[in-house]
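Structure first, then comments.
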Amino acid sequence: MKKIETIQDFYKKLSGNNHIKLNNDGIGHFNVFPRGYCSPTASFHRRDFFKISLITEGTGVIHFANESFTINQPALFFSNPLIPHSWEPTSPNQLGWFCLFTEEFIQSWDHSFSVKNYPMFRRGENPIILLDEEATEHLSYIFRKIMQEMSSDYIYKYSKLRNYLQLIIHEALKLYPEIGSRNKQIDAAHRITYHFLELLENQFPIENTDMPLKLRTVQDFALKLSVHENHLNSVVKEVTGKNTSQHIAFRISEEAKALLKNTNWTVTEIAYSLSFEYPSHFTSFFKKNVGMSPKKYRLKII
């Protein structure tokens with residue numbers, strides 16, 4: 001299985017430097033780069049950091065989770081550590097900036113400003129905001145200020161950079177379709193749904209057969225979240241349009257396909273790693289959700 005790319009991996013790939021100081025001011029990490037640093041061959045996998053990309057020039061395809069988005073105009077792209085993604089350029093010129101940061105960095109000293117509460121960073125919601133000329137110029141100005149501040153000697157520069165980062169997020173929220181049209185507040189239903197999806201996603205990828213899934217049923221997740229199963233199903237369906245069981249089945253199916261494709265584990269080993277009591281139960285589940293048996297699927301992709 002492809003491992004999660006860490007910030008250390010990112011810098012090693014960027015410069016070959018294995019000795020990067022990751023702490024900026026004692027809390028988290030932040031950095032910014034012009035998009036010329038983007039790798040045209042970036043692999044499709046998860047990272048352990050957040051990333052915001054401002055695409056001002058150039059076209060390409062963003063592969064994100066199980067979807068692909070064609071970008072042919074200026075845009076903001078928000079990547080979440082829980083979700084694999086990659087950028088496939090389709091034009092030679094690529095301009096703009098991107099910043100990467102840990103969640104710890106954006107939390108201010110006096111209160112928690114968690115990016116997880118905002119729609120562009122949540123699983124199942126739109127991570128891309130298309131920009132008009134005015135918005136592109138405004139966001140470009142913010143990124144240029146960030147670049148300038150990164151090279152300054154100002155003693156409180158990282159506090160200032162947090163403010164710039166929050167400003168980008170708030171500017172994006174004003175442009176975000178759902179927020180702009182309905183001014184929808186982040187409520188308890190959204191928080192419960194996010195924590196459910198986070199618990200589900202944090203179990204993956206499965207990297208060895210000795211660590212099977214711990215949470216696999218609606219009851220498992222409801223107990224972990226200290227809510228009733230019916231309430232969990234209700235809020236997840238309200239927020240995402242799909243019930244809890246559908247999300248669980250889909251994610252386990254995707255992991256099963258990845259394991260069949262990227263490992264030499266037997267079907268039995270995969271079944272147990274996904275916490276199926278019997279391999280036959282896994283086979284029935286896979287047929288129902290994928291449309292063929294695990295063995296047939298593996299033969300098809302070889």
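By order of appearance in the structure tokens: chains A, B, ..., then residues from 1 within every chain, and ligands from 1 in the order shown.
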Hey, which bits of segment 193-251 of chain A sit within 9 Å of segment 72-95 of chain A, and for each residue what's the closest pair of atoms and how far apart in Å (one decimal), counting only C-alpha atoms, rows by chain and increasing number, as a Markdown table?
```
| residue | atom | partner | partner_atom | distance |
| --- | --- | --- | --- | --- |
| A:Glu198 | CA | A:Leu82 | CA | 7.5 |
| A:Glu201 | CA | A:Leu82 | CA | 6.4 |
| A:Asn202 | CA | A:Leu82 | CA | 7.0 |
| A:Phe204 | CA | A:Leu82 | CA | 8.9 |
```
Polymer residues at most 12 Å from Ile52 of chain A, only C-alpha atoms, same-chain spacing of 3 or more positions, as a PyMOL selection string: chain A and resi 30-35+49+55+75-81+96-102+115+120-121+127-129+139+143+165-166+168-169+172
For N, CA, C and O atoms, I'd like the residues from the last selection saved as a short mmCIF file (atom, residue, chain, number, x, y, z; two decimals), in the first residue's frame.
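Writing done, so here's again.cif:
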```
data_model
loop_
_atom_site.label_atom_id
_atom_site.label_comp_id
_atom_site.auth_asym_id
_atom_site.auth_seq_id
_atom_site.Cartn_x
_atom_site.Cartn_y
_atom_site.Cartn_z
N PHE A 30 4.17 25.76 8.99
CA PHE A 30 3.59 26.48 7.86
C PHE A 30 4.69 26.82 6.87
O PHE A 30 5.81 27.14 7.25
N ASN A 31 4.36 26.76 5.56
CA ASN A 31 5.28 27.23 4.53
C ASN A 31 4.50 27.55 3.28
O ASN A 31 3.34 27.12 3.12
N VAL A 32 5.11 28.30 2.39
CA VAL A 32 4.45 28.71 1.16
C VAL A 32 5.45 28.63 0.01
O VAL A 32 6.65 28.87 0.20
N PHE A 33 4.96 28.29 -1.18
CA PHE A 33 5.80 28.13 -2.36
C PHE A 33 5.07 28.63 -3.59
O PHE A 33 3.84 28.53 -3.67
N PRO A 34 5.80 29.15 -4.57
CA PRO A 34 5.19 29.40 -5.87
C PRO A 34 4.87 28.07 -6.53
O PRO A 34 5.53 27.06 -6.28
N ARG A 35 3.89 28.03 -7.39
CA ARG A 35 3.46 26.76 -7.96
C ARG A 35 4.47 26.17 -8.94
O ARG A 35 4.31 25.05 -9.39
N PHE A 49 -0.64 16.67 6.13
CA PHE A 49 -0.76 18.11 6.32
C PHE A 49 -1.84 18.66 5.40
O PHE A 49 -2.25 18.02 4.43
N ILE A 55 -4.50 28.54 -7.97
CA ILE A 55 -4.12 28.34 -9.37
C ILE A 55 -4.52 29.60 -10.12
O ILE A 55 -5.71 29.88 -10.30
N ALA A 75 -8.54 29.12 -9.71
CA ALA A 75 -9.29 28.37 -8.71
C ALA A 75 -8.49 28.24 -7.42
O ALA A 75 -7.26 28.34 -7.42
N LEU A 76 -9.20 28.01 -6.34
CA LEU A 76 -8.62 27.62 -5.06
C LEU A 76 -8.91 26.14 -4.85
O LEU A 76 -10.04 25.68 -5.10
N PHE A 77 -7.90 25.41 -4.40
CA PHE A 77 -8.08 23.99 -4.10
C PHE A 77 -7.64 23.73 -2.66
O PHE A 77 -6.54 24.12 -2.26
N PHE A 78 -8.50 23.08 -1.89
CA PHE A 78 -8.23 22.79 -0.49
C PHE A 78 -8.07 21.28 -0.31
O PHE A 78 -9.01 20.52 -0.60
N SER A 79 -6.91 20.84 0.13
CA SER A 79 -6.70 19.41 0.34
C SER A 79 -6.70 19.08 1.83
O SER A 79 -6.21 19.84 2.65
N ASN A 80 -7.28 17.93 2.14
CA ASN A 80 -7.46 17.45 3.50
C ASN A 80 -6.55 16.26 3.73
O ASN A 80 -6.44 15.39 2.87
N PRO A 81 -5.89 16.16 4.88
CA PRO A 81 -5.01 15.02 5.13
C PRO A 81 -5.71 13.66 5.03
O PRO A 81 -5.06 12.65 4.78
N GLY A 96 0.89 30.54 -9.78
CA GLY A 96 0.10 30.66 -8.56
C GLY A 96 0.97 30.36 -7.35
O GLY A 96 2.21 30.48 -7.41
N TRP A 97 0.35 29.97 -6.25
CA TRP A 97 1.07 29.64 -5.03
C TRP A 97 0.36 28.48 -4.34
O TRP A 97 -0.80 28.18 -4.63
N PHE A 98 1.07 27.85 -3.42
CA PHE A 98 0.40 26.93 -2.51
C PHE A 98 1.07 27.02 -1.15
O PHE A 98 2.27 27.30 -1.04
N CYS A 99 0.27 26.85 -0.12
CA CYS A 99 0.81 26.82 1.23
C CYS A 99 0.43 25.50 1.88
O CYS A 99 -0.62 24.92 1.57
N LEU A 100 1.28 25.01 2.74
CA LEU A 100 1.00 23.79 3.48
C LEU A 100 1.14 24.09 4.97
O LEU A 100 1.95 24.92 5.37
N PHE A 101 0.33 23.41 5.76
CA PHE A 101 0.34 23.68 7.19
C PHE A 101 -0.30 22.53 7.95
O PHE A 101 -1.07 21.74 7.39
N THR A 102 0.04 22.43 9.21
CA THR A 102 -0.59 21.46 10.09
C THR A 102 -1.76 22.13 10.80
O THR A 102 -1.83 23.36 10.89
N VAL A 115 -9.76 24.16 11.05
CA VAL A 115 -10.15 24.11 9.64
C VAL A 115 -11.14 22.98 9.37
O VAL A 115 -11.86 22.99 8.38
N MET A 120 -15.04 23.34 2.81
CA MET A 120 -14.06 22.99 1.77
C MET A 120 -13.05 21.95 2.25
O MET A 120 -12.36 21.33 1.45
N PHE A 121 -12.91 21.77 3.58
CA PHE A 121 -11.99 20.78 4.13
C PHE A 121 -12.69 19.50 4.56
O PHE A 121 -12.03 18.58 5.04
N PRO A 127 -14.08 20.63 -2.75
CA PRO A 127 -12.80 21.20 -2.31
C PRO A 127 -12.28 22.30 -3.23
O PRO A 127 -11.19 22.81 -3.03
N ILE A 128 -13.06 22.65 -4.27
CA ILE A 128 -12.58 23.59 -5.30
C ILE A 128 -13.52 24.78 -5.40
O ILE A 128 -14.75 24.62 -5.44
N ILE A 129 -12.95 25.98 -5.44
CA ILE A 129 -13.73 27.20 -5.64
C ILE A 129 -13.18 27.90 -6.88
O ILE A 129 -12.01 28.28 -6.92
N LEU A 139 -6.91 37.38 -3.87
CA LEU A 139 -6.23 36.26 -3.23
C LEU A 139 -4.74 36.23 -3.60
O LEU A 139 -3.90 35.83 -2.79
N PHE A 143 -1.49 36.06 -1.03
CA PHE A 143 -0.37 35.12 -1.14
C PHE A 143 0.96 35.85 -1.31
O PHE A 143 1.99 35.40 -0.78
N LEU A 165 -3.66 33.27 6.78
CA LEU A 165 -4.25 31.98 6.45
C LEU A 165 -5.74 31.97 6.78
O LEU A 165 -6.56 31.48 5.98
N GLN A 166 -6.10 32.52 7.92
CA GLN A 166 -7.51 32.62 8.28
C GLN A 166 -8.26 33.51 7.29
O GLN A 166 -9.42 33.25 6.94
N ILE A 168 -7.58 33.90 4.08
CA ILE A 168 -7.83 33.11 2.87
C ILE A 168 -9.06 32.23 3.05
O ILE A 168 -9.92 32.14 2.17
N ILE A 169 -9.14 31.58 4.20
CA ILE A 169 -10.27 30.68 4.46
C ILE A 169 -11.58 31.46 4.50
O ILE A 169 -12.60 31.04 3.92
N ALA A 172 -12.58 32.50 1.08
CA ALA A 172 -13.12 31.33 0.38
C ALA A 172 -14.54 31.03 0.83
O ALA A 172 -15.41 30.67 0.01
#
```
Segment 125-265 of chain A: residues DSSP assigns to alpha helix (DSSP H), reported as an MDAnalysis selection string: chainID A and resid 133:150 157:175 177:182 188:201 218:225 229:240 244:262
Nearby residues (only C-alpha atoms) at most 12 Å from His138 of chain A, same-chain spacing under 6 positions excluded, as JSON, numbers by chain: {"A": [54, 56, 131, 132, 144, 145, 167, 168, 171, 172]}
Residues within 7 Å of segment 155-162 of chain A, only C-alpha atoms, excluding chain neighbours under 4 positions, as a PyMOL selection string: chain A and resi 25+106+146+149+166
Minimum-distance residue to His63 of chain A, chosen among A:His170, A:Arg46, A:Lys295, A:His247 (using only C-alpha atoms): A:Arg46
For Ser253 of chain A: contacts at 10 Å, only C-alpha atoms, fewer than 5 positions along chain excluded, given as an MDAnalysis selection string: chainID A and resid 247:248 258:259 274 282 285:290
Within 7 Å of segment 233-243 of chain A using only C-alpha atoms, minus same-chain residues under 4 positions, as a PyMOL selection string: chain A and resi 189-190+193+229+247
With all heavy atoms kept, could you save the residues just selected as a PDB file, in the first residue's frame?
```
ATOM      1  N   ALA A 189     -25.232  18.732  13.763  1.00  0.00           N
ATOM      2  CA  ALA A 189     -25.327  17.664  12.772  1.00  0.00           C
ATOM      3  C   ALA A 189     -24.065  17.581  11.927  1.00  0.00           C
ATOM      4  O   ALA A 189     -23.553  16.494  11.650  1.00  0.00           O
ATOM      5  CB  ALA A 189     -26.549  17.877  11.872  1.00  0.00           C
ATOM      6  N   HIS A 190     -23.538  18.741  11.525  1.00  0.00           N
ATOM      7  CA  HIS A 190     -22.321  18.759  10.735  1.00  0.00           C
ATOM      8  C   HIS A 190     -21.128  18.266  11.547  1.00  0.00           C
ATOM      9  O   HIS A 190     -20.265  17.545  11.041  1.00  0.00           O
ATOM     10  CB  HIS A 190     -22.043  20.173  10.208  1.00  0.00           C
ATOM     11  CG  HIS A 190     -22.873  20.546   9.016  1.00  0.00           C
ATOM     12  ND1 HIS A 190     -24.196  20.901   9.126  1.00  0.00           N
ATOM     13  CD2 HIS A 190     -22.579  20.602   7.689  1.00  0.00           C
ATOM     14  CE1 HIS A 190     -24.675  21.159   7.930  1.00  0.00           C
ATOM     15  NE2 HIS A 190     -23.724  21.004   7.037  1.00  0.00           N
ATOM     16  N   THR A 193     -21.372  14.502  11.940  1.00  0.00           N
ATOM     17  CA  THR A 193     -21.078  13.871  10.645  1.00  0.00           C
ATOM     18  C   THR A 193     -19.592  13.922  10.351  1.00  0.00           C
ATOM     19  O   THR A 193     -19.000  12.931   9.902  1.00  0.00           O
ATOM     20  CB  THR A 193     -21.860  14.568   9.521  1.00  0.00           C
ATOM     21  OG1 THR A 193     -23.264  14.460   9.790  1.00  0.00           O
ATOM     22  CG2 THR A 193     -21.549  13.933   8.174  1.00  0.00           C
ATOM     23  N   GLU A 229     -27.686   5.121  17.607  1.00  0.00           N
ATOM     24  CA  GLU A 229     -27.523   4.716  16.202  1.00  0.00           C
ATOM     25  C   GLU A 229     -28.499   5.457  15.293  1.00  0.00           C
ATOM     26  O   GLU A 229     -28.130   5.918  14.205  1.00  0.00           O
ATOM     27  CB  GLU A 229     -27.748   3.211  16.057  1.00  0.00           C
ATOM     28  CG  GLU A 229     -26.698   2.348  16.717  1.00  0.00           C
ATOM     29  CD  GLU A 229     -27.060   0.877  16.622  1.00  0.00           C
ATOM     30  OE1 GLU A 229     -27.394   0.435  15.504  1.00  0.00           O
ATOM     31  OE2 GLU A 229     -27.021   0.187  17.656  1.00  0.00           O
ATOM     32  N   HIS A 247     -22.007   4.856   3.777  1.00  0.00           N
ATOM     33  CA  HIS A 247     -20.645   5.378   3.858  1.00  0.00           C
ATOM     34  C   HIS A 247     -19.658   4.285   4.261  1.00  0.00           C
ATOM     35  O   HIS A 247     -18.568   4.168   3.679  1.00  0.00           O
ATOM     36  CB  HIS A 247     -20.578   6.522   4.879  1.00  0.00           C
ATOM     37  CG  HIS A 247     -21.112   7.816   4.377  1.00  0.00           C
ATOM     38  ND1 HIS A 247     -20.418   8.605   3.477  1.00  0.00           N
ATOM     39  CD2 HIS A 247     -22.283   8.457   4.631  1.00  0.00           C
ATOM     40  CE1 HIS A 247     -21.129   9.697   3.211  1.00  0.00           C
ATOM     41  NE2 HIS A 247     -22.261   9.633   3.901  1.00  0.00           N
TER      42      HIS A 247
END
```
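Taking atom CA of Leu197 of chain A as the reference point, atom CA of His29 of chain A is found at 24.8 Å.
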